[in-house]
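Shown next: run_32.pdb, given as PDB, C-alpha atoms and all ligand atoms.
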```
MODEL        1
ATOM      1  CA  MET A  75      96.641  19.923 -35.512  1.00  0.00           C
ATOM      2  CA  VAL A  76     100.268  19.080 -34.855  1.00  0.00           C
ATOM      3  CA  LEU A  77     100.008  17.267 -31.577  1.00  0.00           C
ATOM      4  CA  LEU A  78     102.339  18.074 -28.736  1.00  0.00           C
ATOM      5  CA  GLY A  79     101.568  15.489 -26.042  1.00  0.00           C
ATOM      6  CA  ASN A  80      98.679  13.033 -26.229  1.00  0.00           C
ATOM      7  CA  LEU A  81      95.539  13.492 -28.354  1.00  0.00           C
ATOM      8  CA  GLU A  82      93.075  13.926 -25.505  1.00  0.00           C
ATOM      9  CA  GLU A  83      95.208  16.585 -23.828  1.00  0.00           C
ATOM     10  CA  ALA A  84      95.748  18.438 -27.101  1.00  0.00           C
ATOM     11  CA  MET A  85      92.003  18.439 -27.863  1.00  0.00           C
ATOM     12  CA  SER A  86      91.116  19.671 -24.417  1.00  0.00           C
ATOM     13  CA  ARG A  87      93.713  22.488 -24.618  1.00  0.00           C
ATOM     14  CA  LEU A  88      92.236  23.457 -27.970  1.00  0.00           C
ATOM     15  CA  GLU A  89      88.656  23.480 -26.650  1.00  0.00           C
ATOM     16  CA  GLU A  90      89.735  25.493 -23.608  1.00  0.00           C
ATOM     17  CA  ALA A  91      91.489  28.109 -25.778  1.00  0.00           C
ATOM     18  CA  ILE A  92      88.471  28.454 -28.095  1.00  0.00           C
ATOM     19  CA  THR A  93      85.739  28.612 -25.437  1.00  0.00           C
ATOM     20  CA  GLY A  94      88.004  30.865 -23.321  1.00  0.00           C
ATOM     21  CA  ARG A  95      88.396  33.337 -26.160  1.00  0.00           C
ATOM     22  CA  TYR A  96      84.712  33.368 -27.097  1.00  0.00           C
ATOM     23  CA  THR A  97      83.486  33.541 -23.505  1.00  0.00           C
ATOM     24  CA  CYS A  98      85.467  36.817 -23.275  1.00  0.00           C
ATOM     25  CA  GLU A  99      84.292  37.982 -26.709  1.00  0.00           C
ATOM     26  CA  SER A 100      80.655  37.386 -25.735  1.00  0.00           C
ATOM     27  CA  ALA A 101      80.856  40.576 -23.639  1.00  0.00           C
ATOM     28  CA  ASN A 102      81.040  42.532 -26.941  1.00  0.00           C
ATOM     29  CA  SER A 103      78.257  40.547 -28.521  1.00  0.00           C
ATOM     30  CA  ASP A 104      77.051  43.308 -30.835  1.00  0.00           C
ATOM     31  CA  GLN A 105      80.200  42.971 -32.859  1.00  0.00           C
ATOM     32  CA  SER A 106      80.209  40.455 -35.701  1.00  0.00           C
ATOM     33  CA  LEU A 107      83.156  38.069 -35.507  1.00  0.00           C
ATOM     34  CA  GLY A 108      82.786  36.802 -39.055  1.00  0.00           C
ATOM     35  CA  CYS A 109      85.542  36.800 -41.676  1.00  0.00           C
ATOM     36  CA  GLY A 110      83.374  37.008 -44.803  1.00  0.00           C
ATOM     37  CA  GLU A 111      79.848  37.418 -46.061  1.00  0.00           C
ATOM     38  CA  THR A 112      77.260  34.650 -45.850  1.00  0.00           C
ATOM     39  CA  ILE A 113      73.698  35.920 -45.437  1.00  0.00           C
ATOM     40  CA  GLY A 114      74.049  38.583 -48.142  1.00  0.00           C
ATOM     41  CA  LEU A 115      75.145  35.905 -50.644  1.00  0.00           C
ATOM     42  CA  ALA A 116      72.889  33.042 -49.565  1.00  0.00           C
ATOM     43  CA  ALA A 117      69.654  34.175 -51.284  1.00  0.00           C
ATOM     44  CA  LEU A 118      67.570  32.701 -48.464  1.00  0.00           C
ATOM     45  CA  ARG A 119      63.910  32.137 -49.248  1.00  0.00           C
ATOM     46  CA  GLN A 120      60.746  32.254 -47.177  1.00  0.00           C
ATOM     47  CA  GLY A 121      60.157  28.830 -45.651  1.00  0.00           C
ATOM     48  CA  ASP A 122      63.827  27.760 -45.696  1.00  0.00           C
ATOM     49  CA  ILE A 123      65.167  25.681 -42.804  1.00  0.00           C
ATOM     50  CA  VAL A 124      68.595  27.150 -42.050  1.00  0.00           C
ATOM     51  CA  VAL A 125      71.403  26.116 -39.708  1.00  0.00           C
ATOM     52  CA  ASP A 126      74.080  28.631 -38.688  1.00  0.00           C
ATOM     53  CA  LEU A 127      77.172  26.749 -37.514  1.00  0.00           C
ATOM     54  CA  GLY A 128      79.163  28.542 -34.823  1.00  0.00           C
ATOM     55  CA  CYS A 129      76.426  31.153 -34.589  1.00  0.00           C
ATOM     56  CA  GLY A 130      78.182  33.154 -31.849  1.00  0.00           C
ATOM     57  CA  SER A 131      75.875  35.806 -30.413  1.00  0.00           C
ATOM     58  CA  GLY A 132      73.205  35.008 -32.987  1.00  0.00           C
ATOM     59  CA  LYS A 133      73.349  38.134 -35.148  1.00  0.00           C
ATOM     60  CA  ASP A 134      73.251  36.272 -38.480  1.00  0.00           C
ATOM     61  CA  ALA A 135      70.771  33.666 -37.218  1.00  0.00           C
ATOM     62  CA  VAL A 136      68.303  36.354 -36.167  1.00  0.00           C
ATOM     63  CA  ALA A 137      68.812  38.246 -39.449  1.00  0.00           C
ATOM     64  CA  ALA A 138      68.155  34.998 -41.348  1.00  0.00           C
ATOM     65  CA  ALA A 139      64.990  34.365 -39.283  1.00  0.00           C
ATOM     66  CA  TYR A 140      63.481  37.618 -40.590  1.00  0.00           C
ATOM     67  CA  VAL A 141      64.103  36.463 -44.172  1.00  0.00           C
ATOM     68  CA  VAL A 142      62.783  32.884 -43.881  1.00  0.00           C
ATOM     69  CA  GLY A 143      59.625  34.090 -42.154  1.00  0.00           C
ATOM     70  CA  GLU A 144      57.146  32.166 -40.033  1.00  0.00           C
ATOM     71  CA  GLU A 145      57.151  29.085 -42.258  1.00  0.00           C
ATOM     72  CA  GLY A 146      60.909  28.811 -42.043  1.00  0.00           C
ATOM     73  CA  HIS A 147      63.179  28.179 -39.099  1.00  0.00           C
ATOM     74  CA  VAL A 148      66.771  28.985 -38.179  1.00  0.00           C
ATOM     75  CA  ILE A 149      68.846  26.865 -35.790  1.00  0.00           C
ATOM     76  CA  GLY A 150      72.037  28.390 -34.423  1.00  0.00           C
ATOM     77  CA  VAL A 151      74.623  25.944 -33.052  1.00  0.00           C
ATOM     78  CA  ASP A 152      77.616  26.942 -30.935  1.00  0.00           C
ATOM     79  CA  MET A 153      79.987  25.273 -28.465  1.00  0.00           C
ATOM     80  CA  THR A 154      80.364  28.333 -26.190  1.00  0.00           C
ATOM     81  CA  GLU A 155      77.568  28.661 -23.594  1.00  0.00           C
ATOM     82  CA  ALA A 156      78.219  32.379 -23.026  1.00  0.00           C
ATOM     83  CA  MET A 157      77.676  33.054 -26.747  1.00  0.00           C
ATOM     84  CA  LEU A 158      74.411  31.086 -26.720  1.00  0.00           C
ATOM     85  CA  GLU A 159      73.147  33.120 -23.758  1.00  0.00           C
ATOM     86  CA  LYS A 160      73.708  36.285 -25.812  1.00  0.00           C
ATOM     87  CA  ALA A 161      72.042  34.707 -28.824  1.00  0.00           C
ATOM     88  CA  ARG A 162      68.956  33.730 -26.813  1.00  0.00           C
ATOM     89  CA  ALA A 163      68.747  37.241 -25.341  1.00  0.00           C
ATOM     90  CA  ARG A 164      68.903  38.650 -28.876  1.00  0.00           C
ATOM     91  CA  GLN A 165      66.093  36.320 -29.956  1.00  0.00           C
ATOM     92  CA  ARG A 166      63.894  37.337 -26.997  1.00  0.00           C
ATOM     93  CA  GLU A 167      64.521  40.998 -27.774  1.00  0.00           C
ATOM     94  CA  ALA A 168      63.519  40.458 -31.408  1.00  0.00           C
ATOM     95  CA  GLY A 169      60.429  38.498 -30.278  1.00  0.00           C
ATOM     96  CA  LEU A 170      60.993  35.835 -32.939  1.00  0.00           C
ATOM     97  CA  ALA A 171      59.647  32.281 -32.565  1.00  0.00           C
ATOM     98  CA  ASN A 172      61.311  30.913 -35.696  1.00  0.00           C
ATOM     99  CA  VAL A 173      64.892  30.875 -34.435  1.00  0.00           C
ATOM    100  CA  SER A 174      66.354  28.583 -31.787  1.00  0.00           C
ATOM    101  CA  PHE A 175      69.822  27.939 -30.421  1.00  0.00           C
ATOM    102  CA  ARG A 176      71.495  24.642 -29.521  1.00  0.00           C
ATOM    103  CA  LEU A 177      74.699  23.860 -27.655  1.00  0.00           C
ATOM    104  CA  GLY A 178      76.848  21.551 -29.755  1.00  0.00           C
ATOM    105  CA  THR A 179      79.806  21.186 -32.045  1.00  0.00           C
ATOM    106  CA  VAL A 180      80.167  21.327 -35.794  1.00  0.00           C
ATOM    107  CA  GLU A 181      81.795  17.876 -35.718  1.00  0.00           C
ATOM    108  CA  ASP A 182      78.721  16.335 -34.039  1.00  0.00           C
ATOM    109  CA  LEU A 183      75.786  18.507 -35.007  1.00  0.00           C
ATOM    110  CA  PRO A 184      72.670  18.344 -32.834  1.00  0.00           C
ATOM    111  CA  VAL A 185      70.524  18.383 -35.983  1.00  0.00           C
ATOM    112  CA  GLU A 186      68.591  15.571 -37.689  1.00  0.00           C
ATOM    113  CA  SER A 187      69.775  14.178 -41.015  1.00  0.00           C
ATOM    114  CA  GLU A 188      68.425  15.624 -44.295  1.00  0.00           C
ATOM    115  CA  THR A 189      66.286  18.321 -42.634  1.00  0.00           C
ATOM    116  CA  VAL A 190      68.106  21.503 -43.697  1.00  0.00           C
ATOM    117  CA  ASP A 191      67.790  23.669 -46.840  1.00  0.00           C
ATOM    118  CA  VAL A 192      70.746  25.977 -46.219  1.00  0.00           C
ATOM    119  CA  VAL A 193      73.804  25.720 -43.971  1.00  0.00           C
ATOM    120  CA  LEU A 194      75.523  29.007 -43.141  1.00  0.00           C
ATOM    121  CA  SER A 195      78.722  29.473 -41.177  1.00  0.00           C
ATOM    122  CA  ASN A 196      81.019  32.437 -40.728  1.00  0.00           C
ATOM    123  CA  CYS A 197      84.610  31.990 -39.522  1.00  0.00           C
ATOM    124  CA  VAL A 198      84.158  28.764 -37.565  1.00  0.00           C
ATOM    125  CA  ILE A 199      85.485  25.663 -39.348  1.00  0.00           C
ATOM    126  CA  ASN A 200      89.074  26.940 -39.180  1.00  0.00           C
ATOM    127  CA  HIS A 201      88.774  26.223 -35.426  1.00  0.00           C
ATOM    128  CA  VAL A 202      87.865  22.568 -36.062  1.00  0.00           C
ATOM    129  CA  SER A 203      90.666  19.999 -36.226  1.00  0.00           C
ATOM    130  CA  ASP A 204      88.509  17.407 -38.016  1.00  0.00           C
ATOM    131  CA  LYS A 205      87.493  19.532 -41.001  1.00  0.00           C
ATOM    132  CA  ALA A 206      86.582  16.456 -43.056  1.00  0.00           C
ATOM    133  CA  GLY A 207      84.224  15.359 -40.249  1.00  0.00           C
ATOM    134  CA  ALA A 208      82.701  18.857 -40.109  1.00  0.00           C
ATOM    135  CA  TYR A 209      81.914  18.817 -43.833  1.00  0.00           C
ATOM    136  CA  ARG A 210      80.534  15.260 -43.568  1.00  0.00           C
ATOM    137  CA  GLU A 211      78.163  16.568 -40.880  1.00  0.00           C
ATOM    138  CA  ILE A 212      77.118  19.434 -43.156  1.00  0.00           C
ATOM    139  CA  SER A 213      76.423  16.927 -45.913  1.00  0.00           C
ATOM    140  CA  ARG A 214      74.468  14.703 -43.494  1.00  0.00           C
ATOM    141  CA  VAL A 215      72.078  17.429 -42.278  1.00  0.00           C
ATOM    142  CA  LEU A 216      71.403  18.933 -45.726  1.00  0.00           C
ATOM    143  CA  LYS A 217      68.384  17.740 -47.686  1.00  0.00           C
ATOM    144  CA  PRO A 218      69.245  16.445 -51.162  1.00  0.00           C
ATOM    145  CA  GLY A 219      69.541  19.630 -53.225  1.00  0.00           C
ATOM    146  CA  GLY A 220      70.265  21.648 -50.068  1.00  0.00           C
ATOM    147  CA  ARG A 221      73.129  24.124 -50.165  1.00  0.00           C
ATOM    148  CA  PHE A 222      75.718  25.880 -48.033  1.00  0.00           C
ATOM    149  CA  VAL A 223      77.323  29.316 -47.989  1.00  0.00           C
ATOM    150  CA  ILE A 224      80.332  29.306 -45.698  1.00  0.00           C
ATOM    151  CA  ALA A 225      82.917  31.985 -44.976  1.00  0.00           C
ATOM    152  CA  ASP A 226      86.156  30.741 -43.490  1.00  0.00           C
ATOM    153  CA  VAL A 227      89.885  31.264 -43.177  1.00  0.00           C
ATOM    154  CA  ALA A 228      92.417  29.345 -45.282  1.00  0.00           C
ATOM    155  CA  SER A 229      96.185  29.773 -45.448  1.00  0.00           C
ATOM    156  CA  ARG A 230      98.200  30.587 -48.566  1.00  0.00           C
ATOM    157  CA  TYR A 231     100.634  27.770 -47.730  1.00  0.00           C
ATOM    158  CA  GLN A 232     101.046  25.072 -45.098  1.00  0.00           C
ATOM    159  CA  LEU A 233     101.571  26.855 -41.756  1.00  0.00           C
ATOM    160  CA  PRO A 234     104.641  25.902 -39.667  1.00  0.00           C
ATOM    161  CA  PRO A 235     104.331  23.502 -36.685  1.00  0.00           C
ATOM    162  CA  GLU A 236     104.858  26.253 -34.103  1.00  0.00           C
ATOM    163  CA  VAL A 237     101.597  27.789 -35.365  1.00  0.00           C
ATOM    164  CA  THR A 238      99.593  24.616 -36.059  1.00  0.00           C
ATOM    165  CA  GLY A 239     100.570  23.278 -32.625  1.00  0.00           C
ATOM    166  CA  ASP A 240      99.565  26.422 -30.737  1.00  0.00           C
ATOM    167  CA  PRO A 241      95.981  26.269 -29.344  1.00  0.00           C
ATOM    168  CA  GLN A 242      95.901  30.057 -28.942  1.00  0.00           C
ATOM    169  CA  ALA A 243      96.701  30.499 -32.647  1.00  0.00           C
ATOM    170  CA  TRP A 244      93.737  28.194 -33.417  1.00  0.00           C
ATOM    171  CA  ALA A 245      91.503  30.234 -31.115  1.00  0.00           C
ATOM    172  CA  ASP A 246      92.722  33.399 -32.868  1.00  0.00           C
ATOM    173  CA  CYS A 247      91.424  32.160 -36.254  1.00  0.00           C
ATOM    174  CA  TYR A 248      94.648  31.259 -38.030  1.00  0.00           C
ATOM    175  CA  GLY A 249      96.427  28.283 -36.400  1.00  0.00           C
ATOM    176  CA  GLY A 250      93.828  25.840 -37.743  1.00  0.00           C
ATOM    177  CA  ALA A 251      93.810  27.208 -41.281  1.00  0.00           C
ATOM    178  CA  ILE A 252      94.737  24.828 -44.108  1.00  0.00           C
ATOM    179  CA  PRO A 253      95.742  25.766 -47.684  1.00  0.00           C
ATOM    180  CA  GLU A 254      92.891  26.780 -49.987  1.00  0.00           C
ATOM    181  CA  GLU A 255      93.254  23.805 -52.358  1.00  0.00           C
ATOM    182  CA  GLU A 256      93.238  21.350 -49.468  1.00  0.00           C
ATOM    183  CA  TYR A 257      90.172  23.094 -48.010  1.00  0.00           C
ATOM    184  CA  LEU A 258      88.221  22.796 -51.274  1.00  0.00           C
ATOM    185  CA  ALA A 259      89.262  19.133 -51.588  1.00  0.00           C
ATOM    186  CA  VAL A 260      87.881  18.420 -48.088  1.00  0.00           C
ATOM    187  CA  ILE A 261      84.484  19.806 -49.149  1.00  0.00           C
ATOM    188  CA  ALA A 262      84.434  17.705 -52.313  1.00  0.00           C
ATOM    189  CA  ALA A 263      85.463  14.578 -50.378  1.00  0.00           C
ATOM    190  CA  ALA A 264      82.344  15.019 -48.203  1.00  0.00           C
ATOM    191  CA  GLY A 265      80.248  14.502 -51.355  1.00  0.00           C
ATOM    192  CA  LEU A 266      79.287  18.164 -51.796  1.00  0.00           C
ATOM    193  CA  ARG A 267      79.214  19.505 -55.341  1.00  0.00           C
ATOM    194  CA  GLU A 268      78.927  22.741 -57.423  1.00  0.00           C
ATOM    195  CA  ILE A 269      81.598  24.179 -55.126  1.00  0.00           C
ATOM    196  CA  LYS A 270      82.366  27.768 -55.990  1.00  0.00           C
ATOM    197  CA  VAL A 271      84.444  30.468 -54.316  1.00  0.00           C
ATOM    198  CA  LEU A 272      82.185  33.531 -54.202  1.00  0.00           C
ATOM    199  CA  LYS A 273      84.628  35.880 -52.500  1.00  0.00           C
ATOM    200  CA  ARG A 274      88.330  35.721 -51.792  1.00  0.00           C
ATOM    201  CA  ARG A 275      90.441  38.223 -49.869  1.00  0.00           C
ATOM    202  CA  GLU A 276      94.119  37.837 -49.048  1.00  0.00           C
ATOM    203  CA  TYR A 277      95.513  39.332 -45.838  1.00  0.00           C
ATOM    204  CA  GLU A 278      98.214  38.776 -43.227  1.00  0.00           C
ATOM    205  CA  LYS A 279      97.774  37.540 -39.672  1.00  0.00           C
ATOM    206  CA  ASN A 280     100.789  37.816 -37.370  1.00  0.00           C
ATOM    207  CA  GLY A 281     103.007  37.796 -40.472  1.00  0.00           C
ATOM    208  CA  PHE A 282     101.360  34.730 -42.071  1.00  0.00           C
ATOM    209  CA  PRO A 283      99.608  35.050 -45.445  1.00  0.00           C
ATOM    210  CA  MET A 284      95.955  34.084 -45.035  1.00  0.00           C
ATOM    211  CA  ILE A 285      92.820  34.085 -47.211  1.00  0.00           C
ATOM    212  CA  SER A 286      89.236  34.822 -46.316  1.00  0.00           C
ATOM    213  CA  LEU A 287      87.027  32.621 -48.501  1.00  0.00           C
ATOM    214  CA  THR A 288      83.284  32.611 -48.966  1.00  0.00           C
ATOM    215  CA  ILE A 289      82.302  29.332 -50.586  1.00  0.00           C
ATOM    216  CA  GLU A 290      79.010  27.928 -51.800  1.00  0.00           C
ATOM    217  CA  GLY A 291      78.093  24.371 -52.744  1.00  0.00           C
ATOM    218  CA  LYS A 292      75.308  21.833 -52.899  1.00  0.00           C
ATOM    219  CA  LYS A 293      74.390  18.362 -51.759  1.00  0.00           C
ATOM    220  CA  PRO A 294      73.457  16.485 -54.945  1.00  0.00           C
TER     221      PRO A 294
HETATM  222  C1  LIG B 301      84.785  33.800 -35.088  1.00  0.00           C
HETATM  223  S1  LIG B 301      83.371  33.407 -34.121  1.00  0.00           S
HETATM  224  C2  LIG B 301      82.100  33.659 -35.325  1.00  0.00           C
HETATM  225  C3  LIG B 301      80.741  33.873 -34.702  1.00  0.00           C
HETATM  226  C4  LIG B 301      79.633  34.216 -35.714  1.00  0.00           C
HETATM  227  N1  LIG B 301      79.546  33.218 -36.754  1.00  0.00           N
HETATM  228  C5  LIG B 301      79.849  35.593 -36.318  1.00  0.00           C
HETATM  229  O1  LIG B 301      79.994  35.678 -37.558  1.00  0.00           O
HETATM  230  O2  LIG B 301      79.863  36.588 -35.565  1.00  0.00           O
HETATM  231  C6  LIG B 301      83.449  31.620 -34.010  1.00  0.00           C
HETATM  232  C7  LIG B 301      82.327  30.979 -33.209  1.00  0.00           C
HETATM  233  O3  LIG B 301      82.373  29.572 -33.451  1.00  0.00           O
HETATM  234  C8  LIG B 301      82.230  28.862 -32.243  1.00  0.00           C
HETATM  235  N2  LIG B 301      82.934  27.583 -32.439  1.00  0.00           N
HETATM  236  C9  LIG B 301      84.256  27.367 -32.617  1.00  0.00           C
HETATM  237  N3  LIG B 301      84.514  26.074 -32.822  1.00  0.00           N
HETATM  238  C10 LIG B 301      83.314  25.430 -32.806  1.00  0.00           C
HETATM  239  C11 LIG B 301      82.915  24.082 -32.968  1.00  0.00           C
HETATM  240  N4  LIG B 301      83.811  23.115 -33.189  1.00  0.00           N
HETATM  241  N5  LIG B 301      81.597  23.788 -32.885  1.00  0.00           N
HETATM  242  C12 LIG B 301      80.681  24.776 -32.630  1.00  0.00           C
HETATM  243  N6  LIG B 301      81.005  26.060 -32.462  1.00  0.00           N
HETATM  244  C13 LIG B 301      82.303  26.398 -32.556  1.00  0.00           C
HETATM  245  C14 LIG B 301      82.810  29.764 -31.179  1.00  0.00           C
HETATM  246  O4  LIG B 301      82.273  29.465 -29.908  1.00  0.00           O
HETATM  247  C15 LIG B 301      82.409  31.156 -31.690  1.00  0.00           C
HETATM  248  O5  LIG B 301      81.169  31.559 -31.185  1.00  0.00           O
ENDMDL
END
```

Encoding of this model in structure tokens:
Amino acid sequence: MVLLGNLEEAMSRLEEAITGRYTCESANSDQSLGCGETIGLAALRQGDIVVDLGCGSGKDAVAAAYVVGEEGHVIGVDMTEAMLEKARARQREAGLANVSFRLGTVEDLPVESETVDVVLSNCVINHVSDKAGAYREISRVLKPGGRFVIADVASRYQLPPEVTGDPQAWADCYGGAIPEEEYLAVIAAAGLREIKVLKRREYEKNGFPMISLTIEGKKP
């Protein structure tokens, strides 16, 4: 993020904009807020331990819980309490015991190291200023041989400072986007391998050329 003012202030403005947006969005919790496809491409198996980063109202986490079955488990993590309330209500309604939800951030995951078979995430890491730290956390929680399928927003070129310095643009899923090549390099730098773009769709957001990417990869 291009910082206007001191770091602490900038981070707290960013967090406020993101939780503010998603607290409002939680009222329409039946709507998916994803930007790509994860579950349909993840080939989840019975018994898999899955983490859904930025799970929102828990739609994908609950869908994944049906696939992994009683021997598997799905953990949804989100930083917005109102979204987690919706997710827990969805779980109760589905009557599933193999899905749980935790308050936390992608940069500091409330998940033990090397316990996860598959990390999923849909339209979340663009909100995170420390993307390298986020992918290091993904690498930390994955078991060796574990994999990720992540949909996210990248930009087609470096966005201008008036966008990268605007917390509302970050909350609106474009201010925090980095160019595709840089994004893929961040994943590789976290030690993840077999990185492949499964889906790619170009579009415009407020006049800026963006890309929706669905990416898979593995922890060696
Ligand atoms: C665009 S919504 C996507 C929700 C869900 N994945 C879906 O597909 O419907 C982004 C979600 O990520 C959460 N989020 C944003 N930044 C986060 C962070 N750093 N750590 C954890 N959750 C975050 C927000 O609270 C919100 O619920």

Decode the PyMOL selection byres (((not hetatm)) within 6 of (chain B and resi 301)) for the given file into explicit residues and return them as an MDAnalysis selection string.
chainID A and resid 93 96 106:108 128:130 152:154 157 178:180 195:198 201:202

6 Å contact set for region 243-257 of chain A, all atoms listed in the file, chain neighbours under 2 positions out, as a list in words:
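The residues that qualify are Ala91, Ile92, Asn200, His201, Val227, Ala228, Ser229, Arg230, Tyr231, Gln232, Val237, Thr238, Asp240, Pro241, Ala259 and Val260 of chain A.
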
Suppose we keep C-alpha atoms; can you now write the selection as a compact mmCIF listing (two decimals), in the coordinates of the input?
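Writing the result to again-v6.txt gives the following:
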```txt
# COMPACT_ATOMS: atom_id res chain seq x y z
CA ALA A 91 91.49 28.11 -25.78
CA ILE A 92 88.47 28.45 -28.10
CA ASN A 200 89.07 26.94 -39.18
CA HIS A 201 88.77 26.22 -35.43
CA VAL A 227 89.88 31.26 -43.18
CA ALA A 228 92.42 29.34 -45.28
CA SER A 229 96.18 29.77 -45.45
CA ARG A 230 98.20 30.59 -48.57
CA TYR A 231 100.63 27.77 -47.73
CA GLN A 232 101.05 25.07 -45.10
CA VAL A 237 101.60 27.79 -35.36
CA THR A 238 99.59 24.62 -36.06
CA ASP A 240 99.56 26.42 -30.74
CA PRO A 241 95.98 26.27 -29.34
CA ALA A 259 89.26 19.13 -51.59
CA VAL A 260 87.88 18.42 -48.09
```

Which residues are close to Asp191 (chain A), i.e. within 9 Å by all atoms listed in the file, leaving aside same-chain residues fewer than 3 positions away? Reply as a list in words.
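So the residues in contact are Asp122, Ile123, Val124, Val125, Glu188, Val215, Leu216, Lys217, Pro218, Gly219, Gly220, Arg221 and Phe222 of chain A.
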
Once the PyMOL selection byres (((chain A and resi 289) around 9) and not hetatm) has been evaluated on this model, what residues remain selected, and can you format them as a list in words?
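Applying the expression gives Thr112, Phe222, Val223, Ile224, Ala225, Asp226, Leu258, Ile269, Lys270, Val271, Leu272, Lys273, Arg274, Leu287, Thr288, Glu290 and Gly291 of chain A.
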
Could you check how far CA of Asp126 (chain A) sits from CA of Phe175 (chain A), in Å to one decimal?
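For CA of Asp126 (chain A) relative to CA of Phe175 (chain A), the distance reads 9.3 Å.
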
Could you spell out the hits of the PyMOL selection byres (((chain A and resi 100) around 9) and not hetatm) on the shown file, as a PyMOL selection string?
chain A and resi 95-99+101-104+130-131+156-160

As lines of an AutoDock Vina configuration file: centre and edge lengths in Å, one decimal, of the axis-aligned box holding region 203-218 of chain A with 5 Å per side:
```
center_x = 79.5
center_y = 17.4
center_z = -43.7
size_x = 32.3
size_y = 15.3
size_z = 24.9
```

Any idea what's packed within 10 Å of Val141 (chain A), counting only C-alpha atoms, ignoring anything in its chain fewer than 6 positions away? Could you give it as a PDB file with C-alpha atoms, in the frame of the given file?
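Listing of result_3.pdb after writing:
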```pdb
ATOM      1  CA  ILE A 113      73.698  35.920 -45.437  1.00  0.00           C
ATOM      2  CA  ALA A 117      69.654  34.175 -51.284  1.00  0.00           C
ATOM      3  CA  LEU A 118      67.570  32.701 -48.464  1.00  0.00           C
ATOM      4  CA  ARG A 119      63.910  32.137 -49.248  1.00  0.00           C
ATOM      5  CA  GLN A 120      60.746  32.254 -47.177  1.00  0.00           C
ATOM      6  CA  GLY A 121      60.157  28.830 -45.651  1.00  0.00           C
ATOM      7  CA  ASP A 122      63.827  27.760 -45.696  1.00  0.00           C
ATOM      8  CA  HIS A 147      63.179  28.179 -39.099  1.00  0.00           C
ATOM      9  CA  VAL A 148      66.771  28.985 -38.179  1.00  0.00           C
TER      10      VAL A 148
END
```

Atomic distance CA of Phe282 (chain A) - CA of Leu233 (chain A), expressed in Å with one decimal
7.9 Å

Straight-line distance linking CA of Lys292 (chain A) with CA of Lys205 (chain A), stated in Å to one decimal:
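It comes out at 17.2 Å.
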
Have a look at A:Glu167, A:Glu111, A:Val173, A:Glu82 and name the one nearest to Ala137 (chain A); count all atoms listed in the file.
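Checking each of A:Glu167, A:Glu111, A:Val173, A:Glu82 against Ala137 (chain A), counting all atoms listed in the file, the winner is A:Val173.
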
Who sits within 9 Å of Glu211 (chain A), all atoms listed in the file, same chain under 2 positions skipped, as a PyMOL selection string:
chain A and resi 180-183+187+206-209+213-216+264

Those same residues, written as a PDB file, in the coordinates of the input with C-alpha atoms?
```
ATOM      1  CA  VAL A 180      80.167  21.327 -35.794  1.00  0.00           C
ATOM      2  CA  GLU A 181      81.795  17.876 -35.718  1.00  0.00           C
ATOM      3  CA  ASP A 182      78.721  16.335 -34.039  1.00  0.00           C
ATOM      4  CA  LEU A 183      75.786  18.507 -35.007  1.00  0.00           C
ATOM      5  CA  SER A 187      69.775  14.178 -41.015  1.00  0.00           C
ATOM      6  CA  ALA A 206      86.582  16.456 -43.056  1.00  0.00           C
ATOM      7  CA  GLY A 207      84.224  15.359 -40.249  1.00  0.00           C
ATOM      8  CA  ALA A 208      82.701  18.857 -40.109  1.00  0.00           C
ATOM      9  CA  TYR A 209      81.914  18.817 -43.833  1.00  0.00           C
ATOM     10  CA  SER A 213      76.423  16.927 -45.913  1.00  0.00           C
ATOM     11  CA  ARG A 214      74.468  14.703 -43.494  1.00  0.00           C
ATOM     12  CA  VAL A 215      72.078  17.429 -42.278  1.00  0.00           C
ATOM     13  CA  LEU A 216      71.403  18.933 -45.726  1.00  0.00           C
ATOM     14  CA  ALA A 264      82.344  15.019 -48.203  1.00  0.00           C
TER      15      ALA A 264
END
```

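Among A:Ile149, A:Leu127, A:Ile212, A:Met284, the residue with the shortest atom-to-atom distance to Ile261 (chain A), counting only C-alpha atoms, is A:Ile212.
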
Taking N, CA and C atoms as the atom set, what does region 98-105 of chain A look like once completed, written as a PDB file, keeping the file's coordinate frame?
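Written out: rebuild_0.pdb:
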```pdb
ATOM      1  N   CYS A  98      85.084  35.393 -23.421  1.00  0.00           N
ATOM      2  CA  CYS A  98      85.467  36.817 -23.275  1.00  0.00           C
ATOM      3  C   CYS A  98      84.801  37.666 -24.340  1.00  0.00           C
ATOM      4  N   GLU A  99      84.852  37.197 -25.588  1.00  0.00           N
ATOM      5  CA  GLU A  99      84.292  37.982 -26.709  1.00  0.00           C
ATOM      6  C   GLU A  99      82.784  38.187 -26.555  1.00  0.00           C
ATOM      7  N   SER A 100      82.119  37.284 -25.836  1.00  0.00           N
ATOM      8  CA  SER A 100      80.655  37.386 -25.735  1.00  0.00           C
ATOM      9  C   SER A 100      80.238  38.681 -25.047  1.00  0.00           C
ATOM     10  N   ALA A 101      81.164  39.295 -24.284  1.00  0.00           N
ATOM     11  CA  ALA A 101      80.856  40.576 -23.639  1.00  0.00           C
ATOM     12  C   ALA A 101      80.618  41.672 -24.681  1.00  0.00           C
ATOM     13  N   ASN A 102      81.256  41.536 -25.860  1.00  0.00           N
ATOM     14  CA  ASN A 102      81.040  42.532 -26.941  1.00  0.00           C
ATOM     15  C   ASN A 102      80.156  41.915 -28.012  1.00  0.00           C
ATOM     16  N   SER A 103      79.013  41.404 -27.605  1.00  0.00           N
ATOM     17  CA  SER A 103      78.257  40.547 -28.521  1.00  0.00           C
ATOM     18  C   SER A 103      77.619  41.275 -29.701  1.00  0.00           C
ATOM     19  N   ASP A 104      77.669  42.625 -29.691  1.00  0.00           N
ATOM     20  CA  ASP A 104      77.051  43.308 -30.835  1.00  0.00           C
ATOM     21  C   ASP A 104      77.970  43.291 -32.045  1.00  0.00           C
ATOM     22  N   GLN A 105      79.216  42.988 -31.780  1.00  0.00           N
ATOM     23  CA  GLN A 105      80.200  42.971 -32.859  1.00  0.00           C
ATOM     24  C   GLN A 105      80.120  41.638 -33.610  1.00  0.00           C
TER      25      GLN A 105
END
```
